[in-house]
Every structure is written in C-alpha cells, then in structure tokens.
Amino acid sequence: MWISKFDENIAEYALMLASRMGEYAEAYLERSYSTAYSMEQGELTGGAFNDSTGLRIRIISEKKLYTLSTNKIEESEIRALLDKLIKFNGKEVEMSEERVEQDDYVVREKEIIEDEALLSSLLEIDKRVKGIGYVKYRSVYADAGKATSYFVNSDGTRIGAELPYVSAFAAMTVSAGGDSRQRMLQFGGTGGLELFDPGAICERLESEAGALRNVIKTGKTLAKAELAGITNVVVSPEIIGIAVHESIGHPSEADRVFGREAAQAGTSYLGPGDLGIEIGSEKVTIADDPTIKGSYGFYLYDDEGVKARKKVIVRGGKQDALLVNREYANDLKIRSNSSARSDMYSNEPLVRMSNTYLERGELGLEELVEVAKEGIYIKSFTEWNIDDTRSFARYQGNEAYLIRNGRISTPVKNYALEAKTLDFWHAVRELGSDFELTLGECGKGEPVQGVPVTMGGPHALLCFG
Amino acid sequence: MEENSIGKAREIARSAITGGFDEAAVMLFDRRRSYLKIANSKIDSIVEKKDIYAMMFASSRKRNFFTNIEDLSKKGIEERIRRARSMVERQKPKDDYYGMANGPFKYKGRDLADRNILACINCTMEDIAGNAISGAEDAGRGNAVAGMLQVGHLKTFLATSNGAEASGTSTYARLNLRIYNDRSAFQDVAVSRRLNDIMPHGMGTKAGEMFRMGNGREGKIEKGTYDVIYLQLPAGLLLSNINSMACISSVETGSYLAGKMGKQVANRNVNIYDDGASPELVGSSRFDAEGYPTQKTPIIRNGVLENYLHNYSTAMKYKKKSTGNAGLVLPSPNTTVVECRKTVDDVRSLVSKVDKGILVTNTWYTRFSNYLKGDFSTVPRDLAYYIENGEIKFSIRQTKTENMVGIRISDNMIRMMENVDYAARDARQTSSWDYEEGSYVAPSVLVRGANVTVA
C-alpha cells in the first residue's frame, strides 16, 4: 500500500481531534498520481505528471455538517483548520446506522503501466487515425494513474484502498464532400495496461470513421413527415447507456429528490414517496453496481466506508430504490446503499452512480430489427441533453439507419430521439442478449465533481405510439 | 510571504534549467475557498478548502512537459524535475513549438482584493445566506431557495526562466441562487471581486419581478421558429463559447471559427472580446501563465472575426503577437465580454420587439453535435415566457406537473450571432453555476428565428 503508517497516523490524529468537536467525525487521506500524454493533429502537445495528497475531515456537530480539506499533511495544519470551523444554523444531519467495516483492498494491475507503453500506445492510435484519409481533425489523449486512500470514522470503520486506472480518449472529425461528422470515444477501466488495447481501439475508430463517412456520403435527410411517422426505434447499448444514466440514474439520486442539488445538477421527477411507481414497461430492470471488476466505476467501499453492493433502481418497470448516502439513508430510515463518492479529497462526497445499466434480454440485434420491421436504428449519438427534472431528453443520432422490411438499410442524417422519460421507458418492447458498457465522467455538484462511471445495457427495441 | 513565494517559483524554474530543460514557467498558488450550500431554504453545509501548490511548464528541445508540485521542499522539487526529465526524454519534439515569451514585462494596474471577503471567510457567510433566503421568501408566498455562496482568496506567484516575474492577490464572491415554487423557478448568479456587489436580498426581489411578468398565466407552445430573448445569464453562457472556439488550439482541431478570419460571423452591431486585463472581472489576471501581460482582445468587432487567441508560441507560428492567453498547456480564454450597439432600455423593451418568441431566463446542457459547423442544442431551464405581438402571454410550464412541457432550442453559433438583433442596456458580470473561477459580461439579447422543439 502506498498509504504509509505516517498517513494513517495523521488521519487518526485528525479523527481524534474532530471527534471531540461533534457527534460524528471522519477523516479521509488520499494520495493519487496520474501520467498523461496528449496529441493534436499528430503533434505531441506534451507529457504531464500530476500528483495530489490531501486530507478531508467531515464533522457533524450539533447536527450540522462541516467539510474541511487541506493539502498540507501536518498536525499543526489540522489543528489550525479545525480551530477556524465556522458554526452555522441550518439543516440537521444525522448518519444512518451502518455496519462497522475494517478492510484493505487493492486492485492489482495485471500489466503495470509504464510511461513508455502509454506513450507508444498513443502514438500508435494517432498514426492509425491519421491513416484514415477522410479524418480531417484528430485529438488523442491517454491517462493512467492510481489513487490510494485511508478512511477512518468515529464509528470505528477503517478502509484502505488502492485503485489504478487507465483511460484513453479520442476525438475525430470525419469529412467528405464539404460535410462533416464528429465522434468522441473513451476507453479504459480500473486496472492496468491489460485494459488498454491500442489495436482494438484503432479498429473501433477505423470502423466508426468509415460508418460516419458512409452516413455523410449516402445518408438520407428525412422529411418532417417521415420523421413524424417513425414509431419503432432500435437503440444500441450506447444510447441505452446514456438514457439509463441521465433519465434513471440521476433522478434516482436521493440528494436531487430531496432538493439538495436544486441550484446545481438539478432535481428529479421522483418525489421522496415515489418508490413503487411505474417508470417503464415490465421489461425494464435497471441497476447500479460498483462491484463490476475492471469497470471504470469500480469500488468496494464508498467514500463513507459503506461496503459496496449492486442496487436495483428499477425492477420490472417499477421504481425500486433511490441511490442514497448515509445522510439520506437516515432521512429515509433505511441503510445506505453505498452511493457516496467524491472525485478527490478536497470535495464533499455526494450521492453518485457507478456502473449503471439496463438488464439484458434474449434477442439478437437482427431479431430486434425484424420485430421492428419499419423504423430507425440508432447506433451512436452526438449531442444530448435533458431538463432539470430529467423528464424529457434528446439523443441526436450520429450513426443511424432506416429499418425497412425488418432489415437495416439506408443511413439517416437527421434523426433525433426526443421523448419524455416515462414514454421512453414505457416504449421498451424487446431487449437484446448483448451487453456493453460505455465510459464517462459524470459531473455533479458545485464545484463540479467528475467521477468515473460506466453506463450501458443491451440493444433494445422501443415502440412509441 | 510574497518575496518568499516568488522566490520559490524562481527556485523551481531554475531547478528545471539545472535539470536539463531549456525553459520553464512556474505558477505558485495559495488558495483559500469557502462554500456555503443552501437547500430547501436552509443552510445545508459548509465546505472549507485550503491548498498551496505549484504548476510548472518546462520544455527541452521542443519536448513539452506539465506538472504540479505539492511538495515544495528542495528534495520534492528535485524529484519532480527528475521525473519530468525521464518522461520528456521519451517524447518526440513538438515541431510547431516556438518557445516561451521573453520577459521581463511591465504590468499595468493591480489585482483587486476585497478585505471584506477575507472577513467573510471567517464570519459573515451565514448572514449573507440568511439575506438570500429571506429575499427569496419576500419575493412571493411559497418560494423556496437553493444555491451556493462561494468566496475565495487567491494568491498567485509566477516566475519564468525567461525573466518574467509577477504576483497577484485577488478575491471573488459568487452567489448562485435558484428561487422556486410549485409553479416555476428562477436562477441567477452574482459574481464580483467585491463582496458588497453581491446583493443577496435583491436577487430574491428580482426573482419576484420575473415571476410576476406572466401575471400567473401558464400555457404550452408548439414546436417551430421563435425569436428568443436570452437574459444575461444564458446569453453570456452561450456566447462565451466563442472565446473557447477562438483559441488557436481549437481552431487547429476543428472550430466553427476556422477559416473565417476577416469575415462577417455576427451581426455588424456585435462585438465580442476576450478580457484578461480588467481587475473587476473574476477570472482576469494581469499576467498569463507564461508571464505575458494580459489585454482586452477583440475577437469579433462589428460582426467581423478579427483575432484568434494566442500564447507566445502559437503567435510566433502564425506571425502574430501573443494575446496574453497562455494557459500552462494550451492557449485558454480569459473572460468574455459581449457588446451590442443596437440597444433598448431593458428586457421589457426587448419583449416589445418580438411578434412571436420566447424569453429564456436560464439554459443548461448546451451540447454541440458538430464544433466545426457550430450546431448545438440547449435546454431552457426554469422560467420561460411565451411572447406574442410584443407582450408576454404566459409562462411555459417547465416544473414537474402533468402539464409540464420541455422546450429545447436547436441553433448554430454563427447563425445565432448573425441574428442578434437587439440588446438591453443591462450588461453585467455573471457566470454559470458550474463555471467556478471565471465570469462573463453580457447583456440580455434578442436573437431572431431560432428553432424550438417541444417534448
């Protein structure tokens, strides 16, 4: 473990002082580093190495919640920080009762990520993308690192963690005949170089670039009447993923439901008493599971020391659970389901997703298309957005095709799936047997925190109307 | 303290040269920030942050490297320089890198630091939040408020191996408030270097005025083409994208401003500036990340694209002068200032110019489907009004009820700028809630003929 005995002692010291100030206290010490390289249009912008060490202390004193942080890991600094605590009158906060945990966990890289390997992989990706003649602009970025942490609280929980990660990002503009399409893709996970396969990334980029060129060159622009007549839509795991994340995961975060994010990341169409309400068709079961090995949203204990577990958010079309931290678990008189995460030591843990997905079904893509008979198949999207309450969203098709006589046919240039959330999930008629997770950085809070997540599921057939 | 910190930045830059780099720029930051969160009309929690660290850019034979340094001891600095050397040696040169700016430089004016903000960090945040909450409640029965009060005290010290040295001390206060009831919501963000410019109670009063504009009438609209009035908050948020896309690094990798230098890209009444030099603006600084003096740069003047934003190296590449936009990695925008010469008194006057349109008080989730073309869509969040024949007819229901409708604007940045017809004489500094350390200055603007969809 990279966290030393000195670090543990500092965290314990902070906990000891903080515990004297309130009814609950915790200390979280984190050391992290990252190595990154970026290229734009074939030029290596540069290499980067960053590290970070810091301590976060949270105190509940007279039922008020305080979060303090510093990157100066010294006893005198901790004392100074606690001495200046500003007391206030406001919301009363209590933590839910949770099992006391004492554990260390380490994710081992099967292949250690050396700087040289990261750089050479990036150069290989750039070279291959450059080789695609019709990619006009390209940017590639690779990043790998590790975060180690030690969490301790006044309940007696002590968790040590070491999580390596690797991530690659590619953006390309495909151009043909004066028109263009853009595509951004992210790859990676929690682990080592075994999760970073430049060959597979290049094949994916080449395949997608070719498909987008085909959309530009042979794609049809549908007339308003044709667009209005589309009722059957087959969507890929990528579209299902963004829809699961934006329109099910976010509105199921308890802090939104209770209004804590009302001026920031938004509210929810769900109210505190809406468990059991119908969200979609009975085919729809949606879960959030941080324990998927190798996934970008992986963890075994959340940032409040609660043991991670899979949570079913929607079961058979009905809202089954909210994502909660200890504060909202206490408000709801339930146990936390391990959803507290922060992006780094200096920010407060918020209610967050991890790996969120729609459970798969039994049909192949060809069968889904055959059942659809007439409609649209959306394979990838470009812009997307959703309202404050997560009630209506749009996913603008990037690579999309007409479905004619039960088969995928002509590319389509201008289809956007724009629907109310409950209409979208009620339209789920059939599910594919495949399954894919897409990586993302999920933003929330003020200041905005980005945490690594995945989102996905199988192909699905949606029937509107 | 100041000389010690400059000395530390100088020491790091010298160590980089001793360690085998050709040049180095070091910025040392000493930051203290406080965040008071408001939810459900109560103070929810307080977060206090304190950190000291350095950021370094260094280059060796056109091979560039960026790093932070938290361990500022001699040993910590030397270890980081060794790490930098080992990484940079594997890199191939960046052929279009032309070096850092050569100092020393003279800097005009001084940064703005408000003593009241330092005092605020220690004691008065609760009072300000209390005023914000009471202002919201006074604005109308049933109003609740959520938001964030943020205050910060930032010290920055810079030294480069090319002779530039500078320091600055600045403060900022930001109050993000969303005032809402079961019918509607209104969000605004006040930003300033000075605490007294933040009027917490007044933000509630403004929300009340906005809620009353519709006289309680509600309705739905159909999809179609509408004139759109954006208040300052969404106008600045959308148009500040111009500054990002005017950075030469964006232009080189696919910006809707690429290839349009000297061409008409906006209505001839529109000017858009990048302003790094105004001490009043949060996000400004007298010097950029390589110590070059910042300035007010016209990006668009009289509707014509006039400048891209450069650091020293990119300016050399294109035979231009630096615009003082060096970030540690790539050129980056300072603050955005939007001007429109064709003005009317206020928002009500803008409304009078509209036959069929909507008034948008806030937007979010602005996403581009193609940066090369400038195509985007954005979701109006909170209160929006339908306008007909110069009058507000009703508010468009956007809160969670059975009658809720969602509206979305699909547009193109160039088309939008070309169709800015009028602005109100109400330009002010504001910012989006998720744009932490920057700001923009924009008036409320009337944009003709945007495509609006309804779900």
# chains A, B, ... in the order shown; residues from 1 in each chain; ligands from 1
call {"tool": "select_by_dssp", "arguments": {"residues": "stretch 328-421 of chain B", "states": "helix (DSSP H, G or I)", "output": "PDB file with N, CA and C atoms, in the first residue's frame"}}
result
ATOM      1  N   VAL B 347     -35.361  44.648 -20.613  1.00  0.00           N
ATOM      2  CA  VAL B 347     -35.930  43.400 -21.142  1.00  0.00           C
ATOM      3  C   VAL B 347     -37.354  43.626 -21.663  1.00  0.00           C
ATOM      4  N   ARG B 348     -38.122  44.460 -20.972  1.00  0.00           N
ATOM      5  CA  ARG B 348     -39.493  44.731 -21.443  1.00  0.00           C
ATOM      6  C   ARG B 348     -39.469  45.374 -22.830  1.00  0.00           C
ATOM      7  N   SER B 349     -38.470  46.199 -23.066  1.00  0.00           N
ATOM      8  CA  SER B 349     -38.348  46.811 -24.394  1.00  0.00           C
ATOM      9  C   SER B 349     -37.980  45.773 -25.439  1.00  0.00           C
ATOM     10  N   LEU B 350     -37.150  44.808 -25.039  1.00  0.00           N
ATOM     11  CA  LEU B 350     -36.848  43.712 -25.967  1.00  0.00           C
ATOM     12  C   LEU B 350     -38.113  42.933 -26.299  1.00  0.00           C
ATOM     13  N   VAL B 351     -38.913  42.689 -25.273  1.00  0.00           N
ATOM     14  CA  VAL B 351     -40.172  41.952 -25.475  1.00  0.00           C
ATOM     15  C   VAL B 351     -41.045  42.671 -26.502  1.00  0.00           C
ATOM     16  N   SER B 352     -41.027  43.985 -26.441  1.00  0.00           N
ATOM     17  CA  SER B 352     -41.889  44.763 -27.352  1.00  0.00           C
ATOM     18  C   SER B 352     -41.455  44.613 -28.816  1.00  0.00           C
ATOM     19  N   MET B 413     -24.082  28.446 -33.913  1.00  0.00           N
ATOM     20  CA  MET B 413     -23.458  29.622 -33.296  1.00  0.00           C
ATOM     21  C   MET B 413     -23.334  30.786 -34.271  1.00  0.00           C
ATOM     22  N   ILE B 414     -22.937  30.512 -35.499  1.00  0.00           N
ATOM     23  CA  ILE B 414     -22.781  31.602 -36.471  1.00  0.00           C
ATOM     24  C   ILE B 414     -24.154  32.204 -36.786  1.00  0.00           C
ATOM     25  N   ARG B 415     -25.138  31.335 -36.992  1.00  0.00           N
ATOM     26  CA  ARG B 415     -26.488  31.824 -37.275  1.00  0.00           C
ATOM     27  C   ARG B 415     -27.000  32.655 -36.105  1.00  0.00           C
ATOM     28  N   MET B 416     -26.740  32.158 -34.909  1.00  0.00           N
ATOM     29  CA  MET B 416     -27.193  32.878 -33.717  1.00  0.00           C
ATOM     30  C   MET B 416     -26.573  34.272 -33.647  1.00  0.00           C
ATOM     31  N   MET B 417     -25.250  34.343 -33.870  1.00  0.00           N
ATOM     32  CA  MET B 417     -24.569  35.646 -33.768  1.00  0.00           C
ATOM     33  C   MET B 417     -25.025  36.602 -34.873  1.00  0.00           C
ATOM     34  N   GLU B 418     -25.261  36.032 -36.041  1.00  0.00           N
ATOM     35  CA  GLU B 418     -25.733  36.881 -37.148  1.00  0.00           C
ATOM     36  C   GLU B 418     -27.121  37.436 -36.875  1.00  0.00           C
TER      37      GLU B 418
END
call {"tool": "select_by_dssp", "arguments": {"residues": "stretch 226-418 of chain B", "states": "strand (DSSP E or B)", "output": "number ranges by chain"}}
result
B: 226-230, 247, 264, 270-275, 287, 293, 296-301, 304-305, 309, 326, 331, 335-340, 343-344, 356-360, 363-370, 375-380, 384-388, 391-396, 407-412
call {"tool": "residues_around", "arguments": {"residues": "A:Ala11", "least_positions_apart": "3", "cutoff": "8 Å", "atoms": "only C-alpha atoms", "output": "PyMOL selection string"}}
result
chain A and resi 7-8+14-15+27-29+55+150-152
call {"tool": "write_last_selection", "arguments": {"atoms": "C-alpha atoms", "output": "compact mmCIF listing (two decimals), in the first residue's frame"}}
result
# COMPACT_ATOMS: atom_id res chain seq x y z
CA ASP A 7 -0.54 8.83 6.70
CA GLU A 8 -2.66 6.50 8.80
CA ALA A 14 -7.42 14.27 12.60
CA LEU A 15 -10.21 11.90 13.59
CA ALA A 27 -11.02 11.58 8.10
CA TYR A 28 -10.07 10.63 4.57
CA LEU A 29 -6.47 10.84 3.40
CA LEU A 55 -6.88 15.24 3.84
CA TYR A 150 -7.31 5.67 4.00
CA PHE A 151 -10.72 6.31 5.51
CA VAL A 152 -11.49 6.27 9.19
call {"tool": "residues_around", "arguments": {"residues": "B:Arg83", "least_positions_apart": "5", "cutoff": "12 Å", "atoms": "only C-alpha atoms", "output": "PyMOL selection string"}}
result
(chain A and resi 35+47-51+115) or (chain B and resi 16+19-20+65-69+76-78+88-90)
call {"tool": "closest_residue", "arguments": {"among": "B:Val251, B:Lys92, B:Asn451, B:Ile17", "to": "A:Leu119", "atoms": "only C-alpha atoms"}}
result
B:Lys92
call {"tool": "residues_around", "arguments": {"residues": "B:Val420", "least_positions_apart": "5", "cutoff": "8 Å", "atoms": "only C-alpha atoms", "output": "list in words"}}
result
Ala266, Asn267, Val270, Val445, Leu446, Val447 and Arg448 of chain B
call {"tool": "write_last_selection", "arguments": {"atoms": "N, CA, C and O atoms", "output": "tab-separated table (two decimals), in the first residue's frame"}}
result
chain	number	residue	atom	x	y	z
B	266	ALA	N	-21.00	37.61	-37.40
B	266	ALA	CA	-22.03	38.04	-36.45
B	266	ALA	C	-22.69	39.29	-37.02
B	266	ALA	O	-22.18	39.91	-37.96
B	267	ASN	N	-23.79	39.65	-36.43
B	267	ASN	CA	-24.43	40.91	-36.78
B	267	ASN	C	-23.43	42.06	-36.64
B	267	ASN	O	-22.62	42.05	-35.70
B	270	VAL	N	-22.46	43.61	-33.30
B	270	VAL	CA	-21.95	42.78	-32.20
B	270	VAL	C	-20.43	42.84	-32.10
B	270	VAL	O	-19.72	42.68	-33.10
B	445	VAL	N	-30.06	39.61	-24.72
B	445	VAL	CA	-30.06	39.80	-26.17
B	445	VAL	C	-31.29	39.18	-26.81
B	445	VAL	O	-31.86	38.21	-26.29
B	446	LEU	N	-31.68	39.76	-27.94
B	446	LEU	CA	-32.78	39.22	-28.74
B	446	LEU	C	-32.19	38.59	-29.99
B	446	LEU	O	-31.52	39.26	-30.78
B	447	VAL	N	-32.42	37.28	-30.15
B	447	VAL	CA	-31.93	36.53	-31.31
B	447	VAL	C	-33.13	36.14	-32.16
B	447	VAL	O	-34.09	35.54	-31.65
B	448	ARG	N	-33.10	36.50	-33.42
B	448	ARG	CA	-34.23	36.20	-34.31
B	448	ARG	C	-34.19	34.76	-34.82
B	448	ARG	O	-33.11	34.23	-35.13
call {"tool": "residues_around", "arguments": {"residues": "A:Arg260", "least_positions_apart": "5", "cutoff": "9 Å", "atoms": "only C-alpha atoms", "output": "VMD selection string"}}
result
(chain A and resid 254 to 255 266 to 267) or (chain B and resid 37 to 40 44 146 to 147)
call {"tool": "residues_around", "arguments": {"residues": "stretch 394-409 of chain A", "least_positions_apart": "2", "cutoff": "6 Å", "atoms": "only C-alpha atoms", "output": "list in words"}}
result
Val369, Glu370, Lys373, Glu374, Gly375, Ile376, Tyr377, Ile378, Lys379, Ser380, Phe381, Thr382, Glu383, Trp384, Asn385, Pro411, Val412, Tyr415, Ala416, Leu417 and Glu418 of chain A
call {"tool": "closest_residue", "arguments": {"among": "A:Lys127, A:Lys220, A:Arg20, A:Lys110", "to": "A:Thr190", "atoms": "only C-alpha atoms"}}
result
A:Lys110
